[in-house]
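Below is one structure, written out as structure tokens; the observations come after it.
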Amino acid sequence: MAELFAAIEAGGTKCIAALGIWGQKPVKRIRIPTSSPIQTISEILGFFAEAKKEGLAPLALGIGTFGPAVVNPSSVNWGHIGSTPKPGWSGTDFAGILAQKLRIPVGFDTDVNTAALAEETEAMRQGMPCDPLLYLTIGTGIGGGLMTAGNILHGLSHPEMGHMRLARHPDDQYEGNCPYHRDCWEGLAAGPAIEDRWKTRGEQLSSEHAAWDLEAWYIAQGVANLAMVVSPQRIVLGGGIMDVKGLRERVAIYTATFSKGYLSGLESPSDWASILVPPLVEEPGLAGAFLLAAKALQPKAKVS
Ligand SMILES: [Zn+2]
């Protein structure tokens, strides 16, 4: 293989490190639990050291990490993990340690941003309207990334779409479980909130259970709010919860109800269903990290 890149998708509970190139199955990969930073990073480095012995030497590394993370390249703390309840990780120089040990250029972003990058790249390749493209993951947490004019939106730090406030469903007495905001979107609708509200893991609730109508109601509210802000051409809904049978269709119905035809071209549930799509790319967070690695090799544009 002429060109080889390294990619890491670091999630809240597991990390995947891989070698390969965008658009192809990785040639080598490992899945490890996300434990302490020392343990996790040393296992990642062990994987790359092993690969090097097999002649697999990447040109650059891309990291898509759980947040919060310092992704603004002009920040002195670029590449660090932000303030997180995850033990030991706050302030970890994730990108810096790996760049120093591997001695290759490193690209660093959040996992939802790398997923958005992968989805936009693939949608472009297939000629699908995707500017802007909003990527949302609904799983153990709720997060989102936005691609606009081919760029990942960073802003002051990076978006925290999962922590927006929503109107409560009139019949929902659950108090919410976000440690910061209690009843934000994630606190009401991510996997742990479903389990806490119904005292049953989501996987054990049938697709006909009332939990999923309420879930669709909350997902749709967040989606409709974001659609009002960014007017997306494509909204990719990923994450394990979106695998529940019929959930995507219910979300399309509720987004149409909430938006009341106010967004041009998105009046009916079928209009919404046409842009509320599942991911095109397998493991988009990891796939996007390969793209980020390739970008890290490109010379930086001069700021005049
Ligand atoms: Zn929150």
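Identifiers in this document derive from the order of the structure tokens: chains are assigned A, B, ..., residues are numbered from 1 separately in each chain, and ligands are numbered from 1 in order of occurrence.
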Based on the backbone DSSP call, show me all residues of region 26-136 of chain A assigned alpha helix (DSSP H), as a PyMOL selection string. chain A and resi 37-53+94-102+111-125
Selection near Ile8 (chain A), 8 Å with only C-alpha atoms, sequence-local residues under 5 positions removed, as a list in words: Cys15, Ile16, Ala17, Ala18, Leu61, Gly62, Ile63, Gly64, Thr65, Leu286 and Ala289 of chain A
With N, CA, C and O atoms retained, write the just-selected residues as a PDB file, in the first residue's frame.
```
ATOM      1  N   CYS A  15     -12.216   2.443  22.552  1.00  0.00           N
ATOM      2  CA  CYS A  15     -11.377   3.133  21.566  1.00  0.00           C
ATOM      3  C   CYS A  15     -11.080   2.159  20.433  1.00  0.00           C
ATOM      4  O   CYS A  15     -10.777   0.991  20.695  1.00  0.00           O
ATOM      5  N   ILE A  16     -11.116   2.655  19.206  1.00  0.00           N
ATOM      6  CA  ILE A  16     -10.678   1.842  18.074  1.00  0.00           C
ATOM      7  C   ILE A  16      -9.472   2.540  17.450  1.00  0.00           C
ATOM      8  O   ILE A  16      -9.523   3.748  17.192  1.00  0.00           O
ATOM      9  N   ALA A  17      -8.389   1.801  17.279  1.00  0.00           N
ATOM     10  CA  ALA A  17      -7.235   2.321  16.540  1.00  0.00           C
ATOM     11  C   ALA A  17      -7.108   1.462  15.295  1.00  0.00           C
ATOM     12  O   ALA A  17      -7.355   0.247  15.347  1.00  0.00           O
ATOM     13  N   ALA A  18      -6.758   2.087  14.181  1.00  0.00           N
ATOM     14  CA  ALA A  18      -6.709   1.334  12.919  1.00  0.00           C
ATOM     15  C   ALA A  18      -5.689   1.926  11.967  1.00  0.00           C
ATOM     16  O   ALA A  18      -5.280   3.079  12.112  1.00  0.00           O
ATOM     17  N   LEU A  61      -1.683  10.684  11.441  1.00  0.00           N
ATOM     18  CA  LEU A  61      -2.726  10.122  12.315  1.00  0.00           C
ATOM     19  C   LEU A  61      -3.895  11.090  12.408  1.00  0.00           C
ATOM     20  O   LEU A  61      -3.691  12.298  12.531  1.00  0.00           O
ATOM     21  N   GLY A  62      -5.110  10.566  12.374  1.00  0.00           N
ATOM     22  CA  GLY A  62      -6.309  11.362  12.647  1.00  0.00           C
ATOM     23  C   GLY A  62      -6.993  10.820  13.886  1.00  0.00           C
ATOM     24  O   GLY A  62      -7.115   9.605  14.036  1.00  0.00           O
ATOM     25  N   ILE A  63      -7.409  11.735  14.767  1.00  0.00           N
ATOM     26  CA  ILE A  63      -8.084  11.319  16.004  1.00  0.00           C
ATOM     27  C   ILE A  63      -9.475  11.943  16.043  1.00  0.00           C
ATOM     28  O   ILE A  63      -9.622  13.160  15.918  1.00  0.00           O
ATOM     29  N   GLY A  64     -10.483  11.112  16.229  1.00  0.00           N
ATOM     30  CA  GLY A  64     -11.834  11.582  16.516  1.00  0.00           C
ATOM     31  C   GLY A  64     -12.129  11.165  17.945  1.00  0.00           C
ATOM     32  O   GLY A  64     -12.202   9.979  18.236  1.00  0.00           O
ATOM     33  N   THR A  65     -12.260  12.122  18.840  1.00  0.00           N
ATOM     34  CA  THR A  65     -12.348  11.792  20.257  1.00  0.00           C
ATOM     35  C   THR A  65     -13.692  12.166  20.885  1.00  0.00           C
ATOM     36  O   THR A  65     -14.412  13.012  20.355  1.00  0.00           O
ATOM     37  N   LEU A 286     -14.638   6.671  12.793  1.00  0.00           N
ATOM     38  CA  LEU A 286     -13.318   6.130  12.465  1.00  0.00           C
ATOM     39  C   LEU A 286     -12.937   6.489  11.021  1.00  0.00           C
ATOM     40  O   LEU A 286     -11.820   6.919  10.739  1.00  0.00           O
ATOM     41  N   ALA A 289     -11.739   9.894  10.729  1.00  0.00           N
ATOM     42  CA  ALA A 289     -10.402  10.092  11.294  1.00  0.00           C
ATOM     43  C   ALA A 289      -9.323   9.816  10.238  1.00  0.00           C
ATOM     44  O   ALA A 289      -8.270  10.451  10.239  1.00  0.00           O
TER      45      ALA A 289
END
```
For ligand 1, return the neighbouring residues as a PyMOL selection string (distance at most 10 Å; only C-alpha atoms and all ligand atoms). chain A and resi 141-142+160-165+176-188
If we count only C-alpha atoms and set the cut-off at 10 Å, which residues sit around Gly23 (chain A), ignoring sequence neighbours fewer than 4 positions away in its own chain? Please answer as a ChimeraX atom specification. /A:118,122,281-282,287-288,290-291
Only N, CA and C atoms, please: the residues just picked out, written as a CSV table (one decimal), in the first residue's frame.
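Ended up saving to selection22.csv:
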```csv
chain,number,residue,atom,x,y,z
A,118,ALA,N,-16.8,12.4,7.4
A,118,ALA,CA,-16.9,11.2,6.6
A,118,ALA,C,-18.2,11.2,5.8
A,122,GLU,N,-18.6,11.3,1.6
A,122,GLU,CA,-19.3,10.3,0.9
A,122,GLU,C,-20.5,10.8,0.1
A,281,VAL,N,-21.8,5.7,5.6
A,281,VAL,CA,-20.5,5.1,5.9
A,281,VAL,C,-20.5,4.3,7.1
A,282,GLU,N,-19.9,3.1,7.0
A,282,GLU,CA,-19.7,2.2,8.2
A,282,GLU,C,-18.7,2.9,9.2
A,287,ALA,N,-13.9,6.3,10.1
A,287,ALA,CA,-13.6,6.6,8.7
A,287,ALA,C,-13.2,8.1,8.5
A,288,GLY,N,-13.9,9.0,9.3
A,288,GLY,CA,-13.5,10.4,9.2
A,288,GLY,C,-12.2,10.7,9.8
A,290,PHE,N,-9.6,8.9,9.3
A,290,PHE,CA,-8.6,8.7,8.2
A,290,PHE,C,-8.6,9.9,7.3
A,291,LEU,N,-9.7,10.5,7.1
A,291,LEU,CA,-9.7,11.8,6.3
A,291,LEU,C,-9.0,12.9,7.0
```
Find the distance between CA of Asp109 (chain A) and CA of Thr13 (chain A) and write it in Å to one decimal.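 Distance between the two atoms: 17.6 Å.
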Strand (DSSP E) positions in region 38-179 of chain A, given as a ChimeraX atom specification: /A:61-65,106-110,133-138,142-148,151-152
Who sits within 7 Å of Pro37 (chain A), only C-alpha atoms, same chain under 3 positions skipped, as a PyMOL selection string: chain A and resi 40-41+88-89
Between A:Pro68, A:Gly91, A:Pro58, A:Gly191, which one has atoms that come closest to Gly11 (chain A), using only C-alpha atoms?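 The shortest atom-to-atom distance to Gly11 (chain A) comes from A:Pro68.
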Can you work out the spacing between CA of Ile194 (chain A) and CA of Glu208 (chain A) in Å, to one decimal? 14.5 Å
Using only C-alpha atoms, which of A:Ala95, A:Ala116, A:Met124, A:Ala224 sits nearest Glu267 (chain A)? A:Ala224
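Put simply, CA of Val112 (chain A) is 5.2 Å away from CA of Gly145 (chain A).
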